[in-house]
Each structure stands twice: as structure tokens, then as C-alpha cells.
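Student: Structure: structure-v5.txt, compact mmCIF, C-alpha atoms.
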# COMPACT_ATOMS: atom_id res chain seq x y z
CA MET A 1 0.00 0.00 0.00
CA SER A 2 1.56 3.36 -1.05
CA ILE A 3 1.38 6.61 0.89
CA ASP A 4 0.82 9.93 -0.81
CA LYS A 5 3.77 11.89 0.66
CA THR A 6 2.75 15.10 -1.07
CA SER A 7 -0.68 14.99 0.55
CA ALA A 8 0.82 14.23 3.99
CA ALA A 9 3.32 17.04 3.64
CA ALA A 10 0.54 19.44 2.74
CA THR A 11 -1.56 18.30 5.69
CA GLU A 12 1.21 18.86 8.28
CA PRO A 13 1.51 22.64 7.87
CA ALA A 14 -2.26 22.91 7.79
CA GLU A 15 -2.49 21.13 11.14
CA LYS A 16 0.23 23.36 12.61
CA THR A 17 -1.57 26.46 11.33
CA ALA A 18 -4.82 25.29 12.86
CA ALA A 19 -3.11 24.66 16.19
CA ALA A 20 -1.50 28.09 16.08
CA ALA A 21 -4.87 29.66 15.33
CA VAL A 22 -6.26 28.52 18.69
CA PRO A 23 -6.31 31.70 20.81
CA ALA A 24 -4.13 31.74 23.89
CA VAL A 25 -6.03 31.88 27.16
CA ASP A 26 -5.20 34.84 29.38
CA PRO A 27 -3.89 33.51 32.74
CA ARG A 28 -6.06 36.05 34.59
CA LEU A 29 -9.15 34.32 33.18
CA LEU A 30 -7.93 30.96 34.45
CA VAL A 31 -7.36 32.47 37.91
CA ARG A 32 -10.92 33.78 38.06
CA GLU A 33 -12.41 30.53 36.84
CA GLN A 34 -10.73 28.69 39.73
CA GLY A 35 -12.52 30.83 42.31
CA PHE A 36 -10.95 31.48 45.71
CA ALA A 37 -8.17 28.94 45.15
CA GLY A 38 -7.19 30.71 41.95
CA TYR A 39 -7.03 34.11 43.62
CA TRP A 40 -4.97 32.68 46.48
CA SER A 41 -2.50 31.15 44.00
CA GLU A 42 -2.29 34.47 42.15
CA PHE A 43 -1.69 36.30 45.43
CA LYS A 44 1.20 33.98 46.34
CA ARG A 45 2.67 34.34 42.86
CA LYS A 46 2.60 38.14 43.15
CA MET A 47 4.25 38.03 46.57
CA LYS A 48 7.06 35.84 45.24
CA ALA A 49 7.49 38.15 42.27
CA GLY A 50 7.74 41.22 44.52
CA ASP A 51 4.42 42.70 43.38
CA LEU A 52 3.43 43.87 46.87
CA GLY A 53 1.23 46.82 45.92
CA SER A 54 -0.18 48.72 48.91
CA LEU A 55 -0.06 45.69 51.21
CA PRO A 56 3.01 46.72 53.30
CA VAL A 57 1.69 50.21 54.10
CA VAL A 58 -1.84 48.96 54.89
CA VAL A 59 -0.47 46.30 57.23
CA GLY A 60 1.90 48.87 58.75
CA LEU A 61 -0.94 51.33 59.32
CA LEU A 62 -3.06 48.68 61.05
CA VAL A 63 -0.12 47.73 63.27
CA ILE A 64 0.48 51.39 64.19
CA TRP A 65 -3.19 51.85 65.09
CA ALA A 66 -3.21 48.64 67.13
CA ILE A 67 -0.10 49.66 69.09
CA PHE A 68 -1.25 53.19 69.91
CA THR A 69 -4.78 52.04 70.75
CA SER A 70 -3.35 49.53 73.21
CA LEU A 71 -1.21 52.29 74.76
CA ASN A 72 -3.98 54.89 74.89
CA SER A 73 -7.69 54.21 74.45
CA ASN A 74 -8.22 57.79 73.24
CA PHE A 75 -6.19 57.25 70.08
CA LEU A 76 -9.01 56.01 67.85
CA THR A 77 -11.83 57.97 69.46
CA ALA A 78 -14.10 59.90 67.11
CA GLY A 79 -12.62 63.26 68.10
CA ASN A 80 -8.99 62.23 67.64
CA PHE A 81 -9.73 60.43 64.38
CA SER A 82 -11.52 63.50 63.02
CA ASP A 83 -8.68 65.80 64.08
CA MET A 84 -6.12 63.51 62.41
CA SER A 85 -8.19 63.45 59.22
CA VAL A 86 -8.22 67.25 59.01
CA ALA A 87 -4.56 67.61 60.01
CA MET A 88 -3.38 65.31 57.24
CA VAL A 89 -5.05 67.23 54.38
CA GLY A 90 -2.47 70.00 53.93
CA THR A 91 0.49 67.62 53.88
CA GLY A 92 -1.49 65.09 51.83
CA LEU A 93 -2.35 67.56 49.07
CA ILE A 94 1.28 68.59 48.68
CA ALA A 95 2.24 64.91 48.63
CA VAL A 96 -0.17 64.40 45.70
CA GLY A 97 1.93 66.83 43.67
CA ILE A 98 5.11 65.06 44.77
CA VAL A 99 3.68 61.77 43.46
CA PHE A 100 3.58 63.26 39.95
CA VAL A 101 7.24 64.30 40.23
CA LEU A 102 8.35 60.96 41.66
CA LEU A 103 6.63 59.15 38.79
CA LEU A 104 9.21 60.83 36.54
CA GLY A 105 11.98 59.55 38.81
CA GLU A 106 12.75 63.13 39.92
CA ILE A 107 12.40 65.11 43.17
CA ASP A 108 11.07 68.55 44.12
CA LEU A 109 12.62 70.07 47.23
CA SER A 110 10.86 73.42 46.85
CA VAL A 111 7.28 72.44 47.67
CA GLY A 112 7.57 73.34 51.35
CA SER A 113 8.72 76.88 50.61
CA VAL A 114 6.19 77.25 47.78
CA SER A 115 3.39 76.26 50.16
CA GLY A 116 4.55 78.96 52.57
CA VAL A 117 4.62 81.55 49.78
CA ALA A 118 1.03 80.70 48.83
CA GLY A 119 -0.21 81.22 52.39
CA ALA A 120 1.76 84.45 52.72
CA THR A 121 0.55 85.75 49.34
CA PHE A 122 -3.07 85.18 50.28
CA ALA A 123 -2.65 86.86 53.66
CA VAL A 124 -0.88 89.93 52.23
CA LEU A 125 -3.37 90.39 49.40
CA ASN A 126 -6.52 89.75 51.43
CA ILE A 127 -5.69 91.04 54.90
CA THR A 128 -3.03 93.70 54.30
CA HIS A 129 -4.34 95.10 50.99
CA GLY A 130 -8.02 94.22 51.31
CA MET A 131 -8.30 92.27 48.05
CA ASN A 132 -11.39 90.14 47.44
CA GLU A 133 -10.89 86.80 49.19
CA ILE A 134 -11.66 84.58 46.20
CA LEU A 135 -9.37 86.58 43.90
CA ALA A 136 -6.59 86.50 46.50
CA LEU A 137 -7.05 82.73 46.83
CA VAL A 138 -6.81 82.19 43.07
CA LEU A 139 -3.68 84.34 42.79
CA ALA A 140 -2.11 82.50 45.73
CA VAL A 141 -2.64 79.16 43.97
CA LEU A 142 -1.26 80.58 40.72
CA THR A 143 1.94 81.60 42.52
CA GLY A 144 2.55 77.90 43.09
CA THR A 145 1.76 77.05 39.48
CA VAL A 146 4.18 79.70 38.19
CA ALA A 147 6.92 78.67 40.64
CA GLY A 148 6.60 75.02 39.62
CA ALA A 149 6.58 75.90 35.92
CA ILE A 150 9.79 77.91 36.35
CA HIS A 151 11.49 74.96 38.05
CA GLY A 152 10.25 72.63 35.31
CA PHE A 153 11.46 74.95 32.55
CA VAL A 154 14.98 75.21 33.99
CA PHE A 155 15.07 71.44 34.44
CA ALA A 156 13.54 70.40 31.11
CA ARG A 157 14.84 73.05 28.71
CA ILE A 158 18.18 74.06 30.21
CA GLY A 159 19.07 70.65 31.60
CA VAL A 160 19.88 71.57 35.19
CA PRO A 161 19.21 68.57 37.50
CA ALA A 162 15.84 68.76 39.27
CA PHE A 163 17.55 68.35 42.65
CA ALA A 164 19.68 71.48 42.11
CA VAL A 165 16.85 73.54 40.60
CA THR A 166 14.39 72.83 43.38
CA LEU A 167 17.02 73.21 46.10
CA ALA A 168 17.66 76.71 44.77
CA GLY A 169 13.89 77.19 44.64
CA LEU A 170 13.60 76.14 48.28
CA LEU A 171 15.98 78.92 49.33
CA PHE A 172 14.61 81.55 46.95
CA TRP A 173 10.94 81.07 47.78
CA GLN A 174 11.63 80.90 51.48
CA GLY A 175 13.39 84.24 51.26
CA PHE A 176 10.55 85.61 49.13
CA MET A 177 8.01 84.53 51.77
CA LEU A 178 9.97 86.25 54.55
CA ARG A 179 10.19 89.38 52.41
CA ILE A 180 6.49 89.75 51.71
CA LEU A 181 5.49 88.95 55.30
CA GLY A 182 7.58 91.88 56.48
CA ASP A 183 9.05 92.61 59.90
CA ASN A 184 6.02 91.38 61.83
CA GLY A 185 6.39 87.89 60.35
CA THR A 186 2.82 86.80 61.10
CA ILE A 187 -0.50 87.82 59.56
CA ASN A 188 -3.69 86.51 61.14
CA LEU A 189 -6.45 85.43 58.77
CA ASP A 190 -10.13 86.31 58.98
CA ALA A 191 -11.68 83.73 61.31
CA ASP A 192 -14.90 83.71 59.26
CA GLY A 193 -13.17 83.77 55.86
CA ILE A 194 -13.08 81.09 53.17
CA VAL A 195 -9.53 79.92 53.85
CA VAL A 196 -10.00 79.41 57.59
CA ASN A 197 -13.25 77.56 56.91
CA LEU A 198 -11.35 75.06 54.76
CA THR A 199 -10.31 73.20 57.92
CA SER A 200 -12.80 74.52 60.49
CA TYR A 201 -16.08 73.81 58.69
CA TYR A 202 -17.96 70.56 59.32
CA PHE A 203 -21.17 69.25 57.74
CA SER A 204 -23.02 68.62 60.98
CA ASP A 205 -26.01 66.88 59.38
CA VAL A 206 -25.45 63.11 59.65
CA ALA A 207 -26.88 62.73 56.14
CA ALA A 208 -23.79 64.44 54.69
CA ALA A 209 -21.30 61.77 55.82
CA TYR A 210 -23.60 58.86 54.99
CA GLY A 211 -24.52 60.48 51.69
CA LEU A 212 -20.86 60.76 50.73
CA ALA A 213 -20.38 57.09 51.64
CA VAL A 214 -23.27 56.18 49.32
CA VAL A 215 -21.88 58.32 46.48
CA VAL A 216 -18.38 56.85 46.81
CA THR A 217 -19.68 53.27 46.93
CA ALA A 218 -22.11 53.73 44.04
CA GLY A 219 -19.49 55.58 42.01
CA TYR A 220 -17.00 52.76 42.44
CA PHE A 221 -19.54 50.08 41.48
CA LEU A 222 -20.74 51.93 38.37
CA SER A 223 -17.18 52.72 37.28
CA ALA A 224 -16.09 49.08 37.72
CA TYR A 225 -19.25 47.68 36.11
CA PHE A 226 -19.23 49.84 32.98
CA GLY A 227 -15.46 49.54 32.74
CA ASN A 228 -15.93 45.77 32.61
CA ARG A 229 -18.58 46.13 29.94
CA ARG A 230 -16.16 48.10 27.78
CA ARG A 231 -13.42 45.51 28.33
CA GLU A 232 -15.77 42.68 27.40
CA ALA A 233 -16.81 44.53 24.25
CA ALA A 234 -13.13 44.97 23.36
CA GLY A 235 -12.44 41.28 23.97
CA VAL A 236 -9.98 41.79 26.81
CA PRO A 237 -10.05 40.12 30.27
CA SER A 238 -12.48 41.59 32.78
CA ARG A 239 -13.51 40.92 36.36
CA PRO A 240 -16.58 38.75 36.99
CA LEU A 241 -19.60 40.54 38.45
CA SER A 242 -19.23 38.59 41.70
CA GLU A 243 -15.76 40.05 42.26
CA ILE A 244 -17.02 43.59 41.64
CA VAL A 245 -19.84 43.04 44.13
CA VAL A 246 -17.43 41.76 46.81
CA ARG A 247 -15.11 44.71 46.32
CA THR A 248 -18.05 47.12 46.46
CA VAL A 249 -19.35 45.58 49.69
CA LEU A 250 -15.92 45.88 51.34
CA LEU A 251 -15.64 49.52 50.25
CA ALA A 252 -19.17 50.21 51.51
CA VAL A 253 -18.35 48.76 54.93
CA LEU A 254 -15.22 50.91 55.20
CA ALA A 255 -17.00 54.07 53.94
CA PHE A 256 -19.94 53.74 56.32
CA VAL A 257 -17.72 52.97 59.32
CA VAL A 258 -15.72 56.15 58.63
CA ALA A 259 -18.97 58.12 58.16
CA PHE A 260 -20.29 56.78 61.46
CA VAL A 261 -17.11 57.82 63.29
CA PHE A 262 -17.24 61.34 61.81
CA ASN A 263 -20.87 61.70 62.90
CA GLN A 264 -19.94 60.83 66.48
CA TYR A 265 -17.93 64.07 66.65
CA LYS A 266 -18.68 67.24 64.67
CA GLY A 267 -19.72 65.65 61.41
CA LEU A 268 -18.07 65.39 58.01
CA PRO A 269 -15.05 67.75 57.67
CA LEU A 270 -15.05 69.91 54.55
CA ALA A 271 -11.27 69.43 54.29
CA VAL A 272 -11.68 65.65 53.90
CA VAL A 273 -14.28 66.10 51.14
CA ILE A 274 -11.93 68.40 49.19
CA PHE A 275 -9.01 66.02 49.67
CA LEU A 276 -11.00 63.05 48.37
CA ALA A 277 -12.17 65.11 45.38
CA PHE A 278 -8.57 65.94 44.43
CA LEU A 279 -7.52 62.32 44.88
CA LEU A 280 -10.29 61.11 42.57
CA LEU A 281 -9.48 63.79 39.98
CA THR A 282 -5.73 63.13 39.92
CA ASP A 283 -6.23 59.36 39.92
CA PHE A 284 -8.47 59.73 36.86
CA VAL A 285 -5.89 61.93 35.13
CA LEU A 286 -3.06 59.45 35.73
CA ARG A 287 -4.93 56.22 34.95
CA ARG A 288 -7.53 57.24 32.38
CA THR A 289 -5.97 59.92 30.18
CA ALA A 290 -3.28 60.07 27.54
CA TYR A 291 -1.42 62.62 29.65
CA GLY A 292 -1.22 60.19 32.58
CA ARG A 293 0.16 57.47 30.33
CA LYS A 294 2.83 59.88 29.12
CA VAL A 295 3.88 60.60 32.73
CA PHE A 296 4.26 56.88 33.44
CA ALA A 297 6.10 56.40 30.14
CA LEU A 298 8.68 59.05 31.05
CA GLY A 299 9.20 57.39 34.41
CA GLY A 300 9.90 54.12 32.62
CA SER A 301 12.28 55.43 29.95
CA VAL A 302 12.85 58.97 28.75
CA GLU A 303 14.52 57.90 25.51
CA ALA A 304 11.79 55.41 24.63
CA SER A 305 9.19 58.09 25.33
CA ARG A 306 10.98 60.56 23.08
CA ARG A 307 11.12 58.01 20.26
CA ALA A 308 7.42 57.32 20.75
CA GLY A 309 6.71 60.96 19.91
CA ILE A 310 6.05 62.25 23.43
CA ASN A 311 6.96 65.89 24.04
CA VAL A 312 9.28 65.16 26.96
CA GLU A 313 10.01 68.80 27.80
CA LEU A 314 6.35 69.81 27.90
CA VAL A 315 5.36 66.88 30.13
CA ARG A 316 8.23 67.58 32.52
CA ILE A 317 7.34 71.27 32.80
CA SER A 318 3.67 70.46 33.33
CA VAL A 319 4.46 67.93 36.07
CA PHE A 320 6.49 70.45 38.05
CA ALA A 321 3.72 73.02 37.51
CA ILE A 322 1.23 70.51 38.95
CA ALA A 323 3.52 69.92 41.94
CA GLY A 324 3.73 73.68 42.52
CA THR A 325 -0.03 74.05 42.25
CA PHE A 326 -0.69 71.36 44.82
CA ALA A 327 2.01 72.85 47.05
CA ALA A 328 0.12 76.15 46.99
CA ILE A 329 -3.25 74.49 47.67
CA GLY A 330 -1.76 72.47 50.51
CA GLY A 331 -0.13 75.64 51.86
CA LEU A 332 -3.53 77.32 52.08
CA PHE A 333 -4.83 74.37 54.11
CA VAL A 334 -1.82 74.61 56.43
CA ALA A 335 -2.47 78.34 56.89
CA SER A 336 -6.15 77.56 57.48
CA LYS A 337 -5.29 75.09 60.27
CA ILE A 338 -3.41 77.74 62.26
CA ALA A 339 -5.56 80.66 60.98
CA SER A 340 -2.48 82.65 60.02
CA ALA A 341 0.48 82.96 57.67
CA ASN A 342 3.83 83.04 59.44
CA GLN A 343 7.55 82.72 58.81
CA GLY A 344 7.66 79.11 59.95
CA ALA A 345 5.32 77.85 57.22
CA GLY A 346 6.82 75.08 55.09
CA THR A 347 10.05 74.93 57.10
CA GLY A 348 11.57 72.38 59.47
CA GLU A 349 10.47 68.78 59.00
CA PHE A 350 7.50 69.73 56.82
CA LEU A 351 9.23 69.04 53.49
CA MET A 352 10.54 65.69 54.68
CA ASN A 353 7.05 64.69 55.86
CA VAL A 354 5.60 65.53 52.45
CA ILE A 355 8.15 63.47 50.53
CA ALA A 356 7.96 60.69 53.10
CA ALA A 357 4.17 60.55 52.74
CA ALA A 358 4.42 59.89 49.00
CA VAL A 359 7.19 57.31 49.37
CA ILE A 360 5.75 55.52 52.40
CA GLY A 361 2.42 55.30 50.60
CA GLY A 362 4.02 53.22 47.85
CA THR A 363 5.27 55.59 45.13
CA SER A 364 8.66 54.43 43.90
CA LEU A 365 11.68 56.71 44.15
CA PHE A 366 12.94 55.13 40.93
CA GLY A 367 9.99 56.41 38.86
CA GLY A 368 7.29 54.75 36.81
CA ARG A 369 5.28 53.26 39.68
CA GLY A 370 2.80 54.91 42.00
CA ARG A 371 -0.69 56.34 42.45
CA THR A 372 -2.03 59.54 43.96
CA TRP A 373 -3.85 57.38 46.54
CA ASP A 374 -0.37 56.60 47.88
CA ALA A 375 -0.33 60.14 49.28
CA LEU A 376 -3.40 59.32 51.37
CA LEU A 377 -1.94 56.11 52.80
CA GLY A 378 1.46 57.67 53.47
CA VAL A 379 0.15 60.77 55.21
CA MET A 380 -2.16 58.60 57.34
CA VAL A 381 0.91 56.70 58.57
CA ILE A 382 2.85 59.88 59.37
CA VAL A 383 -0.02 61.71 61.09
CA SER A 384 -0.95 58.56 63.04
CA ILE A 385 2.62 58.33 64.37
CA GLN A 386 2.65 62.02 65.27
CA TYR A 387 -0.68 61.96 67.09
CA GLY A 388 0.00 58.64 68.79
CA LEU A 389 3.34 59.79 70.16
CA ALA A 390 1.87 63.17 71.17
CA LEU A 391 -0.82 61.39 73.21
CA GLU A 392 1.96 59.51 75.00
CA GLY A 393 3.84 62.75 75.66
CA ILE A 394 6.87 61.63 73.67
CA ALA A 395 9.14 64.45 72.49
CA SER A 396 9.62 65.54 68.88
CA PRO A 397 13.13 64.07 68.49
CA VAL A 398 11.71 60.58 68.98
CA GLN A 399 8.95 61.33 66.47
CA TYR A 400 11.60 62.25 63.87
CA MET A 401 13.54 59.07 64.60
CA ILE A 402 10.50 56.82 64.24
CA THR A 403 9.29 58.56 61.08
CA GLY A 404 12.79 58.29 59.62
CA GLY A 405 12.89 54.59 60.47
CA VAL A 406 9.54 53.99 58.76
CA LEU A 407 10.74 55.91 55.68
CA LEU A 408 13.98 53.91 55.52
CA ALA A 409 12.05 50.64 55.82
CA THR A 410 9.77 51.73 52.98
CA VAL A 411 12.66 52.64 50.69
CA VAL A 412 14.38 49.32 51.46
CA ILE A 413 11.16 47.45 50.61
CA ASP A 414 10.91 49.43 47.37
CA ALA A 415 14.50 48.59 46.39
CA VAL A 416 14.13 44.90 47.29
CA THR A 417 10.82 44.75 45.42
CA ARG A 418 12.43 46.13 42.26
CA LYS A 419 15.25 43.55 42.45
CA THR A 420 12.73 40.75 42.98
CA GLN A 421 10.63 41.93 40.03
CA LYS A 422 13.73 42.04 37.80
CA THR A 423 14.61 38.51 38.84
CA ALA A 424 11.05 37.42 38.04
CA GLY A 425 11.15 39.24 34.69
CA ARG A 426 8.45 41.76 35.70
CA ALA A 427 10.52 44.96 35.70
Go through the file and emit its structure as C-alpha cells.

Tutor:
Amino acid sequence: MSIDKTSAAATEPAEKTAAAAVPAVDPRLLVREQGFAGYWSEFKRKMKAGDLGSLPVVVGLLVIWAIFTSLNSNFLTAGNFSDMSVAMVGTGLIAVGIVFVLLLGEIDLSVGSVSGVAGATFAVLNITHGMNEILALVLAVLTGTVAGAIHGFVFARIGVPAFAVTLAGLLFWQGFMLRILGDNGTINLDADGIVVNLTSYYFSDVAAAYGLAVVVTAGYFLSAYFGNRRREAAGVPSRPLSEIVVRTVLLAVLAFVVAFVFNQYKGLPLAVVIFLAFLLLTDFVLRRTAYGRKVFALGGSVEASRRAGINVELVRISVFAIAGTFAAIGGLFVASKIASANQGAGTGEFLMNVIAAAVIGGTSLFGGRGRTWDALLGVMVIVSIQYGLALEGIASPVQYMITGGVLLATVVIDAVTRKTQKTAGRA
């Protein structure tokens, strides 16, 4: 019996082509099909690969709360929790701007001084010269935008290292603040004005806090649900509805617990609402817009970004302008908390706390990895340490030492994580 070799030879490539045509199954789909066991396996794989995410800072925050609560039962009372929430807003907003800079793999040392200039500018224009409060506020914020844009221009166009540019900016803007404040050095703000109300106003109606919890929970569910619909329509992996529901329930529990605690004191702080609004806005910009993707691309590789057609100089200038803007906004919140603009604004350990908040929260010092929500987590850690130690009557030097230790631990984890990811082929 003879065999038709030509026919067999023709069949072989056809079979190989058919096998190759079978679409590859995304491993994320296999994980979800396996249920809880699949997610647990994926979690262990990520841990081995160094993909820790926000886990270290969340665990650290819970440990800090547990320790200080065991030492002093007043630590997590409604009043102390509310005070901590308001106190963290000024530093947290400035840290949001620092996140943008760190995503480029750069640093901005001027934000503390720029925040002081913003508070001083508002006080001089509104109190000393009687300018309309809203106009003075807008101009104060624009001083930060202009200062940041100048730093970005010198860095991006002239090529001076960001460290040197912003160090010079730190000194210049601090001197500028002292100059405009004059010999007195302190200008008290209007106790009933807009700026002071930024941190002193509370929505006393219990419906406000619970209403915000409903809006946040519903917003998350709708965003996740319709995002999944778009992914399904595009033929890319998406989360099952059950997973979205579980995540939404967990968020709802957290949101309503926080709302309940706020309502046990004065109500929902206006400062917290504004902070959350800025976090949502900046998170959307970074994760959902072409501009955000360009920022991440520059943090990954400047040369690759340039070859991809990204205007590197413009993105760099804009990022430093954003950092300056948030420094000014945060500076107004700091001035609001003490109801005055003074020569000590933005000095001392303030700058280190801002940078530490972004880094402790999970933003990488090496660029290309981070979220604006990291600023929230990081500043919660720092403020929790400060308030916890203050309740115990522990002096400031020890606070600096502990905060420095936490920062060092975070940077070490970041460096080890990057090495692990490179070993696993994920970086």
C-alpha cells in the first residue's frame, strides 16, 4: 500500500496552522475561573514576584493603630480620628503633587517653601491690601503654578538637575516669603473667611457623611461595572460581576464605618471632602488619560518616550507646575489650620514629611510606579505616628527618629521589590 507523501506534507503545515490559530487563554481568566483557590494562588505568585502593591503600608498602618490604641484608648476615638483626618489634608495635598514628580523619577525640594509663599501671598493680598478673598485665593494658587513651571522649565529646557533647581527654589521662595510677610512675620487670617473655613467647617447633618459614603460606593460600582462592559466589548479580560460586588461591599463597609465615626464628633469635615475630590481627579488623570500614560512612560524610559513621539520637555514642565499648584493648595490648608500665615510655614520637617508621605504610601523613588492614593496612605501613617506619640507625651526628636525609620524601611522594601521583580522578569 503506497502513501501519498505530497498529501501528507501538505496536511502537516495545515495542522500546525490550525493549532497556532487557537487563541491563547489569558492567565487572569484561568485564575478567576478557579474561584478562591485561583485568587490565592495568584496572590502567592505576586508576593514571590515582589508585586506587593499597597499591602506593606496597609499592614503597617493597622499595626500602628493597634499599638497606639493599646497604649492609649483615646487614640481612635471619634474626636482624635476626626482631628487627624483634618490635620493630614495639607500635607497630603502637597504629597499628591510630589507623586507626579516621583513618577518621573525626579524630586522637588521646593514644595515646602512654595506652600509657605502661597499662604503668605493670600494673607498679604486679602488682609493687608483688602483684596477680594476669592481673587486672592486664586492668585495665591497661581503663585505655586508659576513657581513650579519655572522649576520645570529650567530642568527640562536648560538641563539643570531637578535636585539642584528645586534646592535653589527652596531657598529663593523661602526668602521671598519672609520678604512679603515683612518685619512682623505673622498675619492673622479672617476667622470667618473662606480659607479658615477650609479646615474649620464641618457638615453637621449626619446625612452628609452617609450620603458621601453612598456616592463613593455607588461611584466605584458603576465605574467598575461599565469599565468591565467596555473591556468585554473589546475582547480583553475583565472581572466577573461577583468580584465587583465583593469589592463594592468591602468599600461600603469601610466608607460607612468612617462616616459613622465622623458623625460621632462634629460631622463630616469639609477638608476631607476636598481632599477626596482631588484624589479622585488626579487618579483619573493618571490612569484614564493620555497625559497620565505619558507621565508613566517618562518614568519608565525617557529615551523610549521621546522616540514614541512624546513631548518630553512639555510633560516635565507640566508635572512640576502641577507639583507647585498642589504645594500652593496644601499651603492654604496649612495656613487655614493655624488661621495665620507666618515665617515658619513650610520649614523644618515639613518638606521631609511631604516626601515621606508619598514614598511611604508606595510611590517608587525610581519612577514609573505609584498612584495619587499613595499620598493618602502615606500621610495617614505619618499623622498617626505624630498623634500617637503626642498622646503619649513623647518628644519631637523621637517622632523624627520613628518617622525616619519607617521611611527607611519603605525605601528598602521598594528597592528589594524592584530587584525581585527584575529577577522574576516583571521589571

Student: Would you pick out the contacts of Val216 (chain A) at 9 Å or less, using all atoms listed in the file, so that residues sharing its chain but fewer than 4 positions from it are not included, and give the list as a PDB file with C-alpha atoms, keeping the file's coordinate frame?

Tutor:
ATOM      1  CA  GLY A 211     -24.520  60.480  51.690  1.00  0.00           C
ATOM      2  CA  LEU A 212     -20.860  60.760  50.730  1.00  0.00           C
ATOM      3  CA  TYR A 220     -17.000  52.760  42.440  1.00  0.00           C
ATOM      4  CA  PHE A 221     -19.540  50.080  41.480  1.00  0.00           C
ATOM      5  CA  LEU A 251     -15.640  49.520  50.250  1.00  0.00           C
ATOM      6  CA  ALA A 252     -19.170  50.210  51.510  1.00  0.00           C
ATOM      7  CA  ALA A 255     -17.000  54.070  53.940  1.00  0.00           C
TER       8      ALA A 255
END

Student: When distances are computed from only C-alpha atoms, which of A:Ala415, A:Val114, A:Ile274, A:Leu222 shows the smallest separation from Val359 (chain A)?

Tutor: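 Counting only C-alpha atoms, the residue closest to Val359 (chain A) is A:Ala415.
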
Student: Counting all atoms listed in the file, which residue out of A:Gly324, A:Pro269, A:Gly367, A:Gly378 sits closest to Ser200 (chain A)?

Tutor: A:Pro269

Student: For Thr248 (chain A), list every protein, DNA or RNA residue within 12 Å, evaluated using all atoms listed in the file, and leave out those in the same chain fewer than 5 positions away; present the list as a ChimeraX atom specification.

Tutor: /A:213-225,241-243,253-255

Student: Report the distance between CA of Ser364 (chain A) and CA of Val411 (chain A) in Å, rounded to one decimal place.

Tutor: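 Separation of CA of Ser364 (chain A) and CA of Val411 (chain A): 8.1 Å.
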
Student: Could I get region 330-336 of chain A rebuilt with all heavy atoms, written as a PDB file, keeping the file's coordinate frame?

Tutor:
ATOM      1  N   GLY A 330      -2.059  73.034  49.194  1.00  0.00           N
ATOM      2  CA  GLY A 330      -1.760  72.470  50.510  1.00  0.00           C
ATOM      3  C   GLY A 330      -1.324  73.547  51.492  1.00  0.00           C
ATOM      4  O   GLY A 330      -1.673  73.502  52.678  1.00  0.00           O
ATOM      5  N   GLY A 331      -0.571  74.549  51.005  1.00  0.00           N
ATOM      6  CA  GLY A 331      -0.130  75.640  51.860  1.00  0.00           C
ATOM      7  C   GLY A 331      -1.292  76.445  52.410  1.00  0.00           C
ATOM      8  O   GLY A 331      -1.255  76.905  53.567  1.00  0.00           O
ATOM      9  N   LEU A 332      -2.337  76.609  51.609  1.00  0.00           N
ATOM     10  CA  LEU A 332      -3.530  77.320  52.080  1.00  0.00           C
ATOM     11  C   LEU A 332      -4.239  76.526  53.180  1.00  0.00           C
ATOM     12  O   LEU A 332      -4.776  77.102  54.130  1.00  0.00           O
ATOM     13  CB  LEU A 332      -4.482  77.582  50.914  1.00  0.00           C
ATOM     14  CG  LEU A 332      -3.986  78.593  49.873  1.00  0.00           C
ATOM     15  CD1 LEU A 332      -4.929  78.650  48.683  1.00  0.00           C
ATOM     16  CD2 LEU A 332      -3.856  79.979  50.496  1.00  0.00           C
ATOM     17  N   PHE A 333      -4.234  75.202  53.063  1.00  0.00           N
ATOM     18  CA  PHE A 333      -4.830  74.370  54.110  1.00  0.00           C
ATOM     19  C   PHE A 333      -4.003  74.433  55.388  1.00  0.00           C
ATOM     20  O   PHE A 333      -4.558  74.417  56.494  1.00  0.00           O
ATOM     21  CB  PHE A 333      -4.976  72.925  53.633  1.00  0.00           C
ATOM     22  CG  PHE A 333      -6.234  72.672  52.861  1.00  0.00           C
ATOM     23  CD1 PHE A 333      -6.295  72.939  51.502  1.00  0.00           C
ATOM     24  CD2 PHE A 333      -7.362  72.174  53.489  1.00  0.00           C
ATOM     25  CE1 PHE A 333      -7.463  72.715  50.779  1.00  0.00           C
ATOM     26  CE2 PHE A 333      -8.533  71.947  52.787  1.00  0.00           C
ATOM     27  CZ  PHE A 333      -8.588  72.224  51.422  1.00  0.00           C
ATOM     28  N   VAL A 334      -2.681  74.485  55.254  1.00  0.00           N
ATOM     29  CA  VAL A 334      -1.820  74.610  56.430  1.00  0.00           C
ATOM     30  C   VAL A 334      -2.071  75.950  57.115  1.00  0.00           C
ATOM     31  O   VAL A 334      -2.184  76.019  58.353  1.00  0.00           O
ATOM     32  CB  VAL A 334      -0.339  74.474  56.027  1.00  0.00           C
ATOM     33  CG1 VAL A 334       0.573  74.789  57.207  1.00  0.00           C
ATOM     34  CG2 VAL A 334      -0.051  73.076  55.497  1.00  0.00           C
ATOM     35  N   ALA A 335      -2.173  77.025  56.321  1.00  0.00           N
ATOM     36  CA  ALA A 335      -2.470  78.340  56.890  1.00  0.00           C
ATOM     37  C   ALA A 335      -3.850  78.357  57.534  1.00  0.00           C
ATOM     38  O   ALA A 335      -4.057  78.985  58.583  1.00  0.00           O
ATOM     39  CB  ALA A 335      -2.388  79.405  55.789  1.00  0.00           C
ATOM     40  N   SER A 336      -4.796  77.640  56.924  1.00  0.00           N
ATOM     41  CA  SER A 336      -6.150  77.560  57.480  1.00  0.00           C
ATOM     42  C   SER A 336      -6.150  76.891  58.841  1.00  0.00           C
ATOM     43  O   SER A 336      -6.877  77.308  59.749  1.00  0.00           O
ATOM     44  CB  SER A 336      -7.044  76.767  56.515  1.00  0.00           C
ATOM     45  OG  SER A 336      -8.294  76.482  57.099  1.00  0.00           O
TER      46      SER A 336
END
